[in-house]
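**Student:** Take a look at data_2.txt, compact mmCIF, N, CA and C atoms:
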```txt
# COMPACT_ATOMS: atom_id res chain seq x y z
N MET A 27 21.22 20.84 -1.30
CA MET A 27 20.60 20.53 -2.59
C MET A 27 20.03 19.11 -2.54
N THR A 28 18.79 18.98 -2.96
CA THR A 28 18.14 17.67 -2.96
C THR A 28 18.54 16.91 -4.21
N HIS A 29 18.94 15.69 -4.03
CA HIS A 29 19.32 14.85 -5.16
C HIS A 29 18.05 14.37 -5.86
N PRO A 30 17.94 14.47 -7.19
CA PRO A 30 16.71 14.09 -7.87
C PRO A 30 16.28 12.65 -7.63
N LYS A 31 17.24 11.74 -7.45
CA LYS A 31 16.87 10.34 -7.24
C LYS A 31 16.16 10.16 -5.90
N ALA A 32 16.48 10.98 -4.89
CA ALA A 32 15.81 10.88 -3.60
C ALA A 32 14.32 11.13 -3.77
N LYS A 33 13.95 12.10 -4.59
CA LYS A 33 12.55 12.39 -4.85
C LYS A 33 11.88 11.20 -5.54
N ASP A 34 12.55 10.59 -6.51
CA ASP A 34 12.00 9.44 -7.20
C ASP A 34 11.79 8.27 -6.23
N ARG A 35 12.72 8.08 -5.31
CA ARG A 35 12.58 6.99 -4.34
C ARG A 35 11.35 7.21 -3.47
N ALA A 36 11.08 8.47 -3.08
CA ALA A 36 9.90 8.75 -2.26
C ALA A 36 8.64 8.51 -3.06
N ARG A 37 8.67 8.81 -4.35
CA ARG A 37 7.48 8.62 -5.19
C ARG A 37 7.29 7.15 -5.50
N HIS A 38 8.36 6.42 -5.73
CA HIS A 38 8.28 5.01 -6.11
C HIS A 38 9.27 4.16 -5.30
N PRO A 39 9.02 3.99 -4.00
CA PRO A 39 9.93 3.14 -3.23
C PRO A 39 9.82 1.70 -3.70
N LYS A 40 10.84 0.90 -3.39
CA LYS A 40 10.83 -0.51 -3.76
C LYS A 40 9.69 -1.21 -3.04
N ILE A 41 9.06 -2.15 -3.75
CA ILE A 41 7.99 -2.92 -3.12
C ILE A 41 8.20 -4.41 -3.35
N VAL A 42 7.68 -5.20 -2.41
CA VAL A 42 7.78 -6.66 -2.44
C VAL A 42 6.38 -7.21 -2.23
N ILE A 43 6.00 -8.20 -3.05
CA ILE A 43 4.66 -8.80 -2.95
C ILE A 43 4.80 -10.32 -2.92
N SER A 44 3.99 -10.93 -2.07
CA SER A 44 3.95 -12.39 -1.97
C SER A 44 3.32 -12.98 -3.22
N ALA A 45 3.92 -14.05 -3.72
CA ALA A 45 3.38 -14.75 -4.89
C ALA A 45 1.96 -15.23 -4.61
N ASP A 46 1.66 -15.58 -3.36
CA ASP A 46 0.31 -16.05 -3.01
C ASP A 46 -0.73 -14.95 -3.18
N ASP A 47 -0.36 -13.69 -2.92
CA ASP A 47 -1.29 -12.58 -3.06
C ASP A 47 -1.39 -12.08 -4.50
N LEU A 48 -0.36 -12.29 -5.29
CA LEU A 48 -0.26 -11.69 -6.62
C LEU A 48 -1.45 -12.04 -7.52
N VAL A 49 -1.81 -13.30 -7.62
CA VAL A 49 -2.87 -13.72 -8.54
C VAL A 49 -4.20 -13.07 -8.16
N HIS A 50 -4.53 -13.07 -6.87
CA HIS A 50 -5.79 -12.48 -6.40
C HIS A 50 -5.80 -10.98 -6.67
N ILE A 51 -4.68 -10.30 -6.38
CA ILE A 51 -4.62 -8.85 -6.57
C ILE A 51 -4.69 -8.49 -8.06
N GLU A 52 -4.02 -9.26 -8.91
CA GLU A 52 -4.11 -9.01 -10.35
C GLU A 52 -5.55 -9.16 -10.83
N ALA A 53 -6.25 -10.17 -10.35
CA ALA A 53 -7.64 -10.39 -10.75
C ALA A 53 -8.53 -9.23 -10.29
N LEU A 54 -8.29 -8.73 -9.08
CA LEU A 54 -9.05 -7.57 -8.59
C LEU A 54 -8.80 -6.35 -9.46
N ALA A 55 -7.54 -6.11 -9.82
CA ALA A 55 -7.19 -4.96 -10.65
C ALA A 55 -7.85 -5.06 -12.02
N GLU A 56 -7.79 -6.23 -12.62
CA GLU A 56 -8.41 -6.42 -13.94
C GLU A 56 -9.92 -6.26 -13.86
N GLY A 57 -10.52 -6.74 -12.78
CA GLY A 57 -11.96 -6.59 -12.60
C GLY A 57 -12.39 -5.15 -12.37
N ALA A 58 -11.49 -4.32 -11.86
CA ALA A 58 -11.80 -2.92 -11.57
C ALA A 58 -11.59 -2.01 -12.78
N MET A 59 -11.07 -2.55 -13.88
CA MET A 59 -10.76 -1.73 -15.06
C MET A 59 -11.95 -0.90 -15.54
N LEU A 60 -13.14 -1.45 -15.53
CA LEU A 60 -14.31 -0.70 -16.00
C LEU A 60 -14.84 0.26 -14.94
N ARG A 61 -14.82 -0.14 -13.68
CA ARG A 61 -15.37 0.68 -12.60
C ARG A 61 -14.44 1.81 -12.20
N ASN A 62 -13.14 1.54 -12.13
CA ASN A 62 -12.19 2.54 -11.66
C ASN A 62 -10.86 2.35 -12.40
N PRO A 63 -10.81 2.74 -13.67
CA PRO A 63 -9.61 2.47 -14.47
C PRO A 63 -8.34 3.13 -13.93
N ALA A 64 -8.44 4.32 -13.34
CA ALA A 64 -7.24 4.99 -12.83
C ALA A 64 -6.62 4.20 -11.68
N LEU A 65 -7.46 3.73 -10.76
CA LEU A 65 -6.96 2.94 -9.63
C LEU A 65 -6.42 1.60 -10.11
N ALA A 66 -7.15 0.96 -11.03
CA ALA A 66 -6.70 -0.34 -11.56
C ALA A 66 -5.35 -0.19 -12.25
N ASP A 67 -5.18 0.86 -13.05
CA ASP A 67 -3.90 1.11 -13.72
C ASP A 67 -2.78 1.31 -12.70
N ARG A 68 -3.05 2.08 -11.66
CA ARG A 68 -2.04 2.34 -10.64
C ARG A 68 -1.63 1.04 -9.95
N LEU A 69 -2.62 0.20 -9.63
CA LEU A 69 -2.32 -1.07 -8.98
C LEU A 69 -1.51 -1.98 -9.91
N LEU A 70 -1.90 -2.07 -11.17
CA LEU A 70 -1.15 -2.90 -12.12
C LEU A 70 0.27 -2.37 -12.32
N ASP A 71 0.44 -1.04 -12.31
CA ASP A 71 1.79 -0.46 -12.40
C ASP A 71 2.63 -0.89 -11.20
N GLU A 72 2.02 -0.85 -10.00
CA GLU A 72 2.74 -1.25 -8.80
C GLU A 72 3.14 -2.73 -8.88
N LEU A 73 2.21 -3.57 -9.32
CA LEU A 73 2.51 -5.00 -9.44
C LEU A 73 3.63 -5.22 -10.45
N GLY A 74 3.62 -4.43 -11.52
CA GLY A 74 4.63 -4.58 -12.57
C GLY A 74 6.04 -4.25 -12.11
N ARG A 75 6.18 -3.38 -11.13
CA ARG A 75 7.52 -3.02 -10.66
C ARG A 75 7.90 -3.73 -9.36
N ALA A 76 6.99 -4.55 -8.85
CA ALA A 76 7.23 -5.24 -7.58
C ALA A 76 8.19 -6.41 -7.76
N ARG A 77 8.91 -6.71 -6.67
CA ARG A 77 9.68 -7.95 -6.61
C ARG A 77 8.74 -8.99 -6.00
N ILE A 78 8.50 -10.07 -6.73
CA ILE A 78 7.58 -11.12 -6.28
C ILE A 78 8.39 -12.21 -5.59
N VAL A 79 7.97 -12.58 -4.37
CA VAL A 79 8.70 -13.59 -3.60
C VAL A 79 7.73 -14.67 -3.13
N PRO A 80 8.23 -15.91 -2.91
CA PRO A 80 7.36 -16.94 -2.33
C PRO A 80 6.86 -16.49 -0.96
N ALA A 81 5.65 -16.91 -0.60
CA ALA A 81 5.05 -16.47 0.67
C ALA A 81 5.98 -16.71 1.85
N GLY A 82 6.68 -17.81 1.87
CA GLY A 82 7.57 -18.13 2.98
C GLY A 82 8.80 -17.23 3.06
N LYS A 83 9.10 -16.51 1.98
CA LYS A 83 10.26 -15.61 1.94
C LYS A 83 9.87 -14.15 2.10
N MET A 84 8.58 -13.90 2.33
CA MET A 84 8.10 -12.52 2.46
C MET A 84 8.67 -11.90 3.73
N PRO A 85 9.40 -10.77 3.60
CA PRO A 85 9.95 -10.12 4.80
C PRO A 85 8.84 -9.69 5.75
N LYS A 86 9.05 -9.88 7.04
CA LYS A 86 8.05 -9.53 8.06
C LYS A 86 7.82 -8.02 8.13
N SER A 87 8.80 -7.23 7.67
CA SER A 87 8.70 -5.78 7.76
C SER A 87 8.06 -5.15 6.53
N VAL A 88 7.44 -5.97 5.66
CA VAL A 88 6.82 -5.48 4.43
C VAL A 88 5.31 -5.65 4.50
N VAL A 89 4.57 -4.64 4.03
CA VAL A 89 3.11 -4.65 4.05
C VAL A 89 2.57 -5.66 3.04
N ALA A 90 1.78 -6.61 3.54
CA ALA A 90 1.11 -7.61 2.71
C ALA A 90 -0.37 -7.63 3.11
N ILE A 91 -1.17 -8.39 2.37
CA ILE A 91 -2.57 -8.54 2.76
C ILE A 91 -2.60 -9.16 4.16
N GLY A 92 -3.35 -8.54 5.07
CA GLY A 92 -3.43 -9.01 6.45
C GLY A 92 -2.47 -8.29 7.40
N SER A 93 -1.56 -7.48 6.86
CA SER A 93 -0.62 -6.75 7.71
C SER A 93 -1.30 -5.59 8.41
N ARG A 94 -0.89 -5.36 9.65
CA ARG A 94 -1.29 -4.15 10.37
C ARG A 94 -0.17 -3.14 10.14
N VAL A 95 -0.52 -1.98 9.63
CA VAL A 95 0.46 -0.96 9.25
C VAL A 95 0.23 0.30 10.05
N THR A 96 1.29 0.81 10.65
CA THR A 96 1.22 2.11 11.31
C THR A 96 2.01 3.08 10.44
N TYR A 97 1.36 4.18 10.05
CA TYR A 97 2.01 5.16 9.18
C TYR A 97 1.72 6.57 9.66
N ARG A 98 2.58 7.49 9.21
CA ARG A 98 2.43 8.90 9.59
C ARG A 98 2.11 9.70 8.33
N ASP A 99 1.07 10.52 8.41
CA ASP A 99 0.74 11.49 7.36
C ASP A 99 1.61 12.71 7.65
N GLU A 100 2.60 12.94 6.79
CA GLU A 100 3.59 13.99 7.05
C GLU A 100 2.97 15.39 7.02
N ALA A 101 1.94 15.60 6.20
CA ALA A 101 1.31 16.92 6.11
C ALA A 101 0.55 17.26 7.39
N ALA A 102 -0.21 16.29 7.89
CA ALA A 102 -1.05 16.52 9.07
C ALA A 102 -0.33 16.16 10.37
N GLY A 103 0.77 15.40 10.27
CA GLY A 103 1.46 14.96 11.48
C GLY A 103 0.70 13.87 12.22
N GLN A 104 -0.32 13.29 11.59
CA GLN A 104 -1.13 12.25 12.24
C GLN A 104 -0.51 10.88 12.04
N VAL A 105 -0.62 10.04 13.08
CA VAL A 105 -0.20 8.64 12.99
C VAL A 105 -1.46 7.80 13.01
N LYS A 106 -1.56 6.86 12.05
CA LYS A 106 -2.73 5.98 11.95
C LYS A 106 -2.26 4.55 11.80
N SER A 107 -3.10 3.62 12.24
CA SER A 107 -2.86 2.19 12.05
C SER A 107 -4.05 1.59 11.33
N VAL A 108 -3.77 0.80 10.30
CA VAL A 108 -4.82 0.12 9.54
C VAL A 108 -4.34 -1.29 9.22
N THR A 109 -5.29 -2.16 8.89
CA THR A 109 -4.97 -3.50 8.41
C THR A 109 -5.34 -3.54 6.93
N LEU A 110 -4.41 -3.98 6.09
CA LEU A 110 -4.64 -4.08 4.65
C LEU A 110 -5.35 -5.40 4.35
N VAL A 111 -6.50 -5.31 3.68
CA VAL A 111 -7.32 -6.50 3.43
C VAL A 111 -7.84 -6.50 1.99
N TYR A 112 -8.41 -7.63 1.57
CA TYR A 112 -9.12 -7.70 0.30
C TYR A 112 -10.44 -6.96 0.45
N PRO A 113 -11.04 -6.49 -0.67
CA PRO A 113 -12.25 -5.66 -0.60
C PRO A 113 -13.39 -6.26 0.22
N GLU A 114 -13.58 -7.57 0.11
CA GLU A 114 -14.71 -8.19 0.82
C GLU A 114 -14.54 -8.16 2.34
N GLU A 115 -13.33 -7.90 2.83
CA GLU A 115 -13.07 -7.85 4.27
C GLU A 115 -12.94 -6.42 4.79
N ALA A 116 -13.05 -5.43 3.89
CA ALA A 116 -12.84 -4.03 4.27
C ALA A 116 -13.94 -3.57 5.23
N ASP A 117 -13.53 -2.79 6.23
CA ASP A 117 -14.46 -2.22 7.20
C ASP A 117 -13.73 -1.07 7.88
N ILE A 118 -13.99 0.14 7.40
CA ILE A 118 -13.24 1.29 7.89
C ILE A 118 -13.48 1.53 9.39
N THR A 119 -14.65 1.12 9.91
CA THR A 119 -14.91 1.29 11.35
C THR A 119 -13.97 0.42 12.19
N ARG A 120 -13.43 -0.63 11.57
CA ARG A 120 -12.46 -1.51 12.27
C ARG A 120 -11.05 -1.29 11.73
N GLN A 121 -10.82 -0.18 11.03
CA GLN A 121 -9.52 0.16 10.44
C GLN A 121 -9.02 -0.92 9.49
N ARG A 122 -9.94 -1.53 8.75
CA ARG A 122 -9.60 -2.55 7.75
C ARG A 122 -9.75 -1.92 6.38
N VAL A 123 -8.62 -1.61 5.72
CA VAL A 123 -8.59 -0.86 4.47
C VAL A 123 -8.37 -1.81 3.29
N SER A 124 -9.20 -1.66 2.27
CA SER A 124 -9.10 -2.50 1.07
C SER A 124 -7.86 -2.16 0.26
N VAL A 125 -7.27 -3.19 -0.32
CA VAL A 125 -6.16 -3.01 -1.25
C VAL A 125 -6.64 -2.27 -2.51
N MET A 126 -7.95 -2.23 -2.72
CA MET A 126 -8.53 -1.56 -3.89
C MET A 126 -8.96 -0.13 -3.59
N THR A 127 -8.23 0.54 -2.69
CA THR A 127 -8.43 1.97 -2.42
C THR A 127 -7.10 2.66 -2.69
N PRO A 128 -7.11 3.98 -2.89
CA PRO A 128 -5.83 4.67 -3.14
C PRO A 128 -4.79 4.42 -2.04
N ILE A 129 -5.19 4.46 -0.78
CA ILE A 129 -4.21 4.23 0.30
C ILE A 129 -3.78 2.76 0.33
N GLY A 130 -4.70 1.85 0.02
CA GLY A 130 -4.35 0.43 -0.01
C GLY A 130 -3.32 0.13 -1.09
N VAL A 131 -3.52 0.69 -2.28
CA VAL A 131 -2.55 0.52 -3.37
C VAL A 131 -1.20 1.10 -2.96
N ALA A 132 -1.23 2.27 -2.32
CA ALA A 132 0.01 2.93 -1.93
C ALA A 132 0.79 2.14 -0.89
N LEU A 133 0.09 1.51 0.06
CA LEU A 133 0.75 0.78 1.15
C LEU A 133 1.29 -0.58 0.72
N LEU A 134 0.62 -1.24 -0.22
CA LEU A 134 0.96 -2.61 -0.60
C LEU A 134 2.43 -2.77 -0.97
N GLY A 135 3.10 -3.69 -0.27
CA GLY A 135 4.48 -4.03 -0.62
C GLY A 135 5.56 -3.14 -0.03
N LEU A 136 5.17 -2.11 0.73
CA LEU A 136 6.17 -1.20 1.29
C LEU A 136 6.80 -1.77 2.56
N ALA A 137 8.05 -1.40 2.78
CA ALA A 137 8.77 -1.83 3.98
C ALA A 137 8.73 -0.73 5.04
N GLU A 138 8.96 -1.12 6.28
CA GLU A 138 9.07 -0.14 7.36
C GLU A 138 10.11 0.90 6.98
N GLY A 139 9.81 2.16 7.25
CA GLY A 139 10.74 3.25 6.96
C GLY A 139 10.54 3.87 5.59
N ALA A 140 9.77 3.22 4.72
CA ALA A 140 9.55 3.76 3.37
C ALA A 140 8.66 4.99 3.45
N ALA A 141 8.99 6.00 2.66
CA ALA A 141 8.17 7.19 2.52
C ALA A 141 7.63 7.20 1.10
N PHE A 142 6.39 7.62 0.93
CA PHE A 142 5.80 7.58 -0.40
C PHE A 142 4.72 8.63 -0.54
N TYR A 143 4.44 8.98 -1.78
CA TYR A 143 3.35 9.89 -2.11
C TYR A 143 2.15 9.07 -2.52
N TRP A 144 0.97 9.58 -2.21
CA TRP A 144 -0.25 8.98 -2.73
C TRP A 144 -1.25 10.10 -2.95
N ASP A 145 -2.18 9.85 -3.86
CA ASP A 145 -3.20 10.84 -4.18
C ASP A 145 -4.51 10.38 -3.57
N THR A 146 -5.11 11.26 -2.76
CA THR A 146 -6.37 10.93 -2.11
C THR A 146 -7.50 10.92 -3.14
N ARG A 147 -8.67 10.49 -2.70
CA ARG A 147 -9.84 10.52 -3.60
C ARG A 147 -10.18 11.95 -4.00
N ASP A 148 -9.75 12.94 -3.21
CA ASP A 148 -9.98 14.36 -3.53
C ASP A 148 -8.85 14.94 -4.36
N ASN A 149 -7.99 14.07 -4.90
CA ASN A 149 -6.83 14.49 -5.71
C ASN A 149 -5.85 15.39 -4.96
N GLN A 150 -5.70 15.13 -3.68
CA GLN A 150 -4.67 15.80 -2.89
C GLN A 150 -3.48 14.87 -2.80
N ARG A 151 -2.28 15.41 -3.05
CA ARG A 151 -1.07 14.60 -2.94
C ARG A 151 -0.60 14.64 -1.49
N ARG A 152 -0.39 13.46 -0.90
CA ARG A 152 0.05 13.37 0.50
C ARG A 152 1.33 12.55 0.56
N MET A 153 2.16 12.86 1.55
CA MET A 153 3.38 12.10 1.79
C MET A 153 3.17 11.33 3.09
N LEU A 154 3.37 10.01 3.02
CA LEU A 154 3.21 9.15 4.18
C LEU A 154 4.50 8.38 4.43
N THR A 155 4.74 8.05 5.69
CA THR A 155 5.90 7.25 6.06
C THR A 155 5.43 6.04 6.85
N VAL A 156 5.87 4.84 6.42
CA VAL A 156 5.52 3.61 7.13
C VAL A 156 6.39 3.53 8.39
N ILE A 157 5.75 3.46 9.54
CA ILE A 157 6.48 3.42 10.81
C ILE A 157 6.69 1.98 11.27
N ARG A 158 5.60 1.17 11.20
CA ARG A 158 5.69 -0.21 11.69
C ARG A 158 4.76 -1.11 10.89
N VAL A 159 5.21 -2.36 10.69
CA VAL A 159 4.40 -3.37 10.01
C VAL A 159 4.34 -4.59 10.93
N GLU A 160 3.12 -5.07 11.17
CA GLU A 160 2.93 -6.29 11.96
C GLU A 160 2.15 -7.28 11.12
N GLN A 161 2.62 -8.53 11.08
CA GLN A 161 1.97 -9.55 10.28
C GLN A 161 0.90 -10.29 11.07
N ASP A 162 -0.02 -10.93 10.34
CA ASP A 162 -1.07 -11.77 10.94
C ASP A 162 -1.88 -11.01 11.98
N ALA A 163 -2.25 -9.80 11.64
CA ALA A 163 -3.00 -8.96 12.58
C ALA A 163 -4.34 -9.59 12.97
N GLY A 164 -4.95 -10.33 12.04
CA GLY A 164 -6.27 -10.89 12.30
C GLY A 164 -6.26 -12.15 13.14
N SER A 165 -5.09 -12.76 13.33
CA SER A 165 -5.07 -14.05 14.02
C SER A 165 -4.58 -13.93 15.46
N GLY A 166 -4.67 -12.71 16.03
CA GLY A 166 -4.22 -12.53 17.41
C GLY A 166 -5.23 -13.10 18.38
N SER A 167 -4.94 -12.97 19.68
CA SER A 167 -5.83 -13.54 20.69
C SER A 167 -7.03 -12.68 20.96
```
Here is the file; what I need is its structure written in the form of structure tokens.
**Tutor:**
Amino acid sequence: MTHPKAKDRARHPKIVISADDLVHIEALAEGAMLRNPALADRLLDELGRARIVPAGKMPKSVVAIGSRVTYRDEAAGQVKSVTLVYPEEADITRQRVSVMTPIGVALLGLAEGAAFYWDTRDNQRRMLTVIRVEQDAGSGS
């Protein structure tokens, strides 16, 4: 028998966000209210339930802006790696995903091992599992 709280945890796992990213992300969400109110609401909901920590206390295993994230799509069995970025740095050909996309909102603040649901742009519900998080993906050699 599945415990109901386990399902809630998969739908809303705990998230942690850096205080340095919070102001910029809030401004993006507020700016998107007219263009994409559903996404903006979802992002503001996530920010509202997040634990906010100073940048220096941000766990290395948690997805932040600039993190390289490897995740598994449980339905398709596919493993993908993307870097979470602000919209102006997004480039899907380089696997740079904006925080202002459904998958970007879903990944923000998650820790390695977290499983979560997200709704695609086609309104398909998918279950993803974060496999690995690497920080400072853009500053490598």
**Student:** Give me the residues near range 74-80 of chain A as a list in words, where near means some atom within 9 Å (using only C-alpha atoms) and where sequence neighbours in that chain fewer than 3 positions away do not count.
**Tutor:**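 Once the nearby chain positions are removed, what remains is Lys40, Ile41, Val42, Ile43, Ser44, Ala45, Asp46, Leu48, Leu69, Leu70, Asp71, Lys83, Met84 and Gly135 of chain A.
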**Student:** Report the distance between atom C of Leu54 in chain A and CA of Ala66 in chain A in Å, rounded to one decimal place.
**Tutor:**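 The value is 6.7 Å.
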**Student:** Mind checking DSSP for chain A and telling me the strand (DSSP E) residues as JSON, numbers by chain?
**Tutor:** {"A": [42, 43, 44, 77, 78, 79, 94, 95, 96, 97, 98, 99, 104, 105, 106, 107, 108, 109, 110, 111, 122, 123, 124, 141, 142, 143, 144, 145, 151, 152, 153, 154, 155, 156, 157, 158, 159, 160]}
**Student:** Build an axis-aligned box that encloses every atom of range 101-106 of chain A listed in the file, pad it by 5 Å on each side, and report its centre and edge lengths in Å to one decimal, as AutoDock Vina command-line options.
**Tutor:**
```
--center_x -0.4 --center_y 10.9 --center_z 9.6 --size_x 14.7 --size_y 22.7 --size_z 17.0
```
**Student:** Grab the CA of Val159 in chain A to atom C of Val105 in chain A distance for me, in Å with one decimal place.
**Tutor:**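 Computing the Euclidean distance for CA of Val159 in chain A and atom C of Val105 in chain A yields 13.0 Å.
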**Student:** List as a list in words the protein and nucleic acid residues near range 152-158 of chain A, meaning an atom at most 8 Å away when only C-alpha atoms are counted, but skip any in the same chain fewer than 5 places from it.
**Tutor:**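 Final neighbour list, sorted by chain and number: Ser87, Val95, Thr96, Tyr97, Arg98, Asp99, Glu100, Ala101, Leu136, Ala137, Glu138, Gly139, Ala140, Ala141, Phe142, Tyr143, Trp144, Asp145 and Thr146 of chain A.
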**Student:** What's the separation between CA of Val123 in chain A and CA of Leu73 in chain A, in Å to one decimal place?
**Tutor:**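 Interatomic distance, CA of Val123 in chain A to CA of Leu73 in chain A: 18.3 Å.
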**Student:** For each of A:Ala53, A:Ala58, A:Met126, A:Ala81, take the minimum atom-to-atom distance to Val111 in chain A, counting all atoms listed in the file, then give the residue where this is smallest.
**Tutor:**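 Looking at the shortest contact to Val111 in chain A, the residue is A:Met126.
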**Student:** Using all atoms listed in the file, can you tell me which of A:Tyr112, A:Glu56, A:Lys106, A:Leu134 comes closest to Glu72 in chain A?
**Tutor:**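 Looking at the shortest contact to Glu72 in chain A, the residue is A:Leu134.
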**Student:** Excluding Glu160 in chain A and any residue of its chain fewer than 6 positions from it, enumerate the residues within 8 Å of it, using all atoms listed in the file, and give them as a PyMOL selection string.
**Tutor:** chain A and resi 86-90+92-96
**Student:** Using all atoms listed in the file, which protein or nucleic acid residues come within 7 Å of Gln121 in chain A? Drop anything in the same chain fewer than 3 positions from it, and give the result as number ranges by chain.
**Tutor:** A: 107-110, 117-118
**Student:** Write the residues of the preceding selection, restricted to N, CA and C atoms, as an mmCIF file, in the coordinates of the input.
**Tutor:**
```cif
data_model
loop_
_atom_site.group_PDB
_atom_site.id
_atom_site.type_symbol
_atom_site.label_atom_id
_atom_site.label_comp_id
_atom_site.auth_asym_id
_atom_site.auth_seq_id
_atom_site.Cartn_x
_atom_site.Cartn_y
_atom_site.Cartn_z
ATOM 1 N N SER A 107 -3.100 3.620 12.240
ATOM 2 C CA SER A 107 -2.860 2.190 12.050
ATOM 3 C C SER A 107 -4.050 1.590 11.330
ATOM 4 N N VAL A 108 -3.770 0.800 10.300
ATOM 5 C CA VAL A 108 -4.820 0.120 9.540
ATOM 6 C C VAL A 108 -4.340 -1.290 9.220
ATOM 7 N N THR A 109 -5.290 -2.160 8.890
ATOM 8 C CA THR A 109 -4.970 -3.500 8.410
ATOM 9 C C THR A 109 -5.340 -3.540 6.930
ATOM 10 N N LEU A 110 -4.410 -3.980 6.090
ATOM 11 C CA LEU A 110 -4.640 -4.080 4.650
ATOM 12 C C LEU A 110 -5.350 -5.400 4.350
ATOM 13 N N ASP A 117 -13.530 -2.790 6.230
ATOM 14 C CA ASP A 117 -14.460 -2.220 7.200
ATOM 15 C C ASP A 117 -13.730 -1.070 7.880
ATOM 16 N N ILE A 118 -13.990 0.140 7.400
ATOM 17 C CA ILE A 118 -13.240 1.290 7.890
ATOM 18 C C ILE A 118 -13.480 1.530 9.390
#
```
**Student:** Start from the incomplete input, build all heavy atoms for range 66-71 of chain A, and deliver everything as a CSV table (one decimal), keeping the file's coordinate frame.
**Tutor:**
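Writing the result to rebuild29.csv gives the following:
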```
chain,number,residue,atom,x,y,z
A,66,ALA,N,-7.2,1.0,-11.0
A,66,ALA,CA,-6.7,-0.3,-11.6
A,66,ALA,C,-5.4,-0.2,-12.2
A,66,ALA,O,-4.4,-1.0,-12.0
A,66,ALA,CB,-7.7,-0.9,-12.5
A,67,ASP,N,-5.2,0.9,-13.0
A,67,ASP,CA,-3.9,1.1,-13.7
A,67,ASP,C,-2.8,1.3,-12.7
A,67,ASP,O,-1.7,0.8,-12.9
A,67,ASP,CB,-4.0,2.3,-14.6
A,67,ASP,CG,-4.6,2.1,-16.0
A,67,ASP,OD1,-4.7,0.9,-16.3
A,67,ASP,OD2,-5.0,3.0,-16.6
A,68,ARG,N,-3.0,2.1,-11.7
A,68,ARG,CA,-2.0,2.3,-10.6
A,68,ARG,C,-1.6,1.0,-10.0
A,68,ARG,O,-0.4,0.8,-9.7
A,68,ARG,CB,-2.6,3.3,-9.6
A,68,ARG,CG,-1.5,3.9,-8.7
A,68,ARG,CD,-1.8,5.1,-7.9
A,68,ARG,NE,-2.9,5.8,-8.4
A,68,ARG,CZ,-3.9,6.4,-7.7
A,68,ARG,NH1,-3.8,6.3,-6.4
A,68,ARG,NH2,-4.8,7.1,-8.2
A,69,LEU,N,-2.6,0.2,-9.6
A,69,LEU,CA,-2.3,-1.1,-9.0
A,69,LEU,C,-1.5,-2.0,-9.9
A,69,LEU,O,-0.5,-2.6,-9.5
A,69,LEU,CB,-3.6,-1.8,-8.5
A,69,LEU,CG,-3.5,-3.1,-7.8
A,69,LEU,CD1,-2.5,-3.0,-6.6
A,69,LEU,CD2,-4.8,-3.6,-7.3
A,70,LEU,N,-1.9,-2.1,-11.2
A,70,LEU,CA,-1.2,-2.9,-12.1
A,70,LEU,C,0.3,-2.4,-12.3
A,70,LEU,O,1.2,-3.2,-12.5
A,70,LEU,CB,-1.9,-3.0,-13.4
A,70,LEU,CG,-3.2,-3.9,-13.4
A,70,LEU,CD1,-4.0,-3.7,-14.7
A,70,LEU,CD2,-2.8,-5.3,-13.1
A,71,ASP,N,0.4,-1.0,-12.3
A,71,ASP,CA,1.8,-0.5,-12.4
A,71,ASP,C,2.6,-0.9,-11.2
A,71,ASP,O,3.8,-1.2,-11.3
A,71,ASP,CB,1.7,1.1,-12.4
A,71,ASP,CG,1.3,1.6,-13.8
A,71,ASP,OD1,1.2,0.8,-14.8
A,71,ASP,OD2,1.0,2.8,-13.9
```
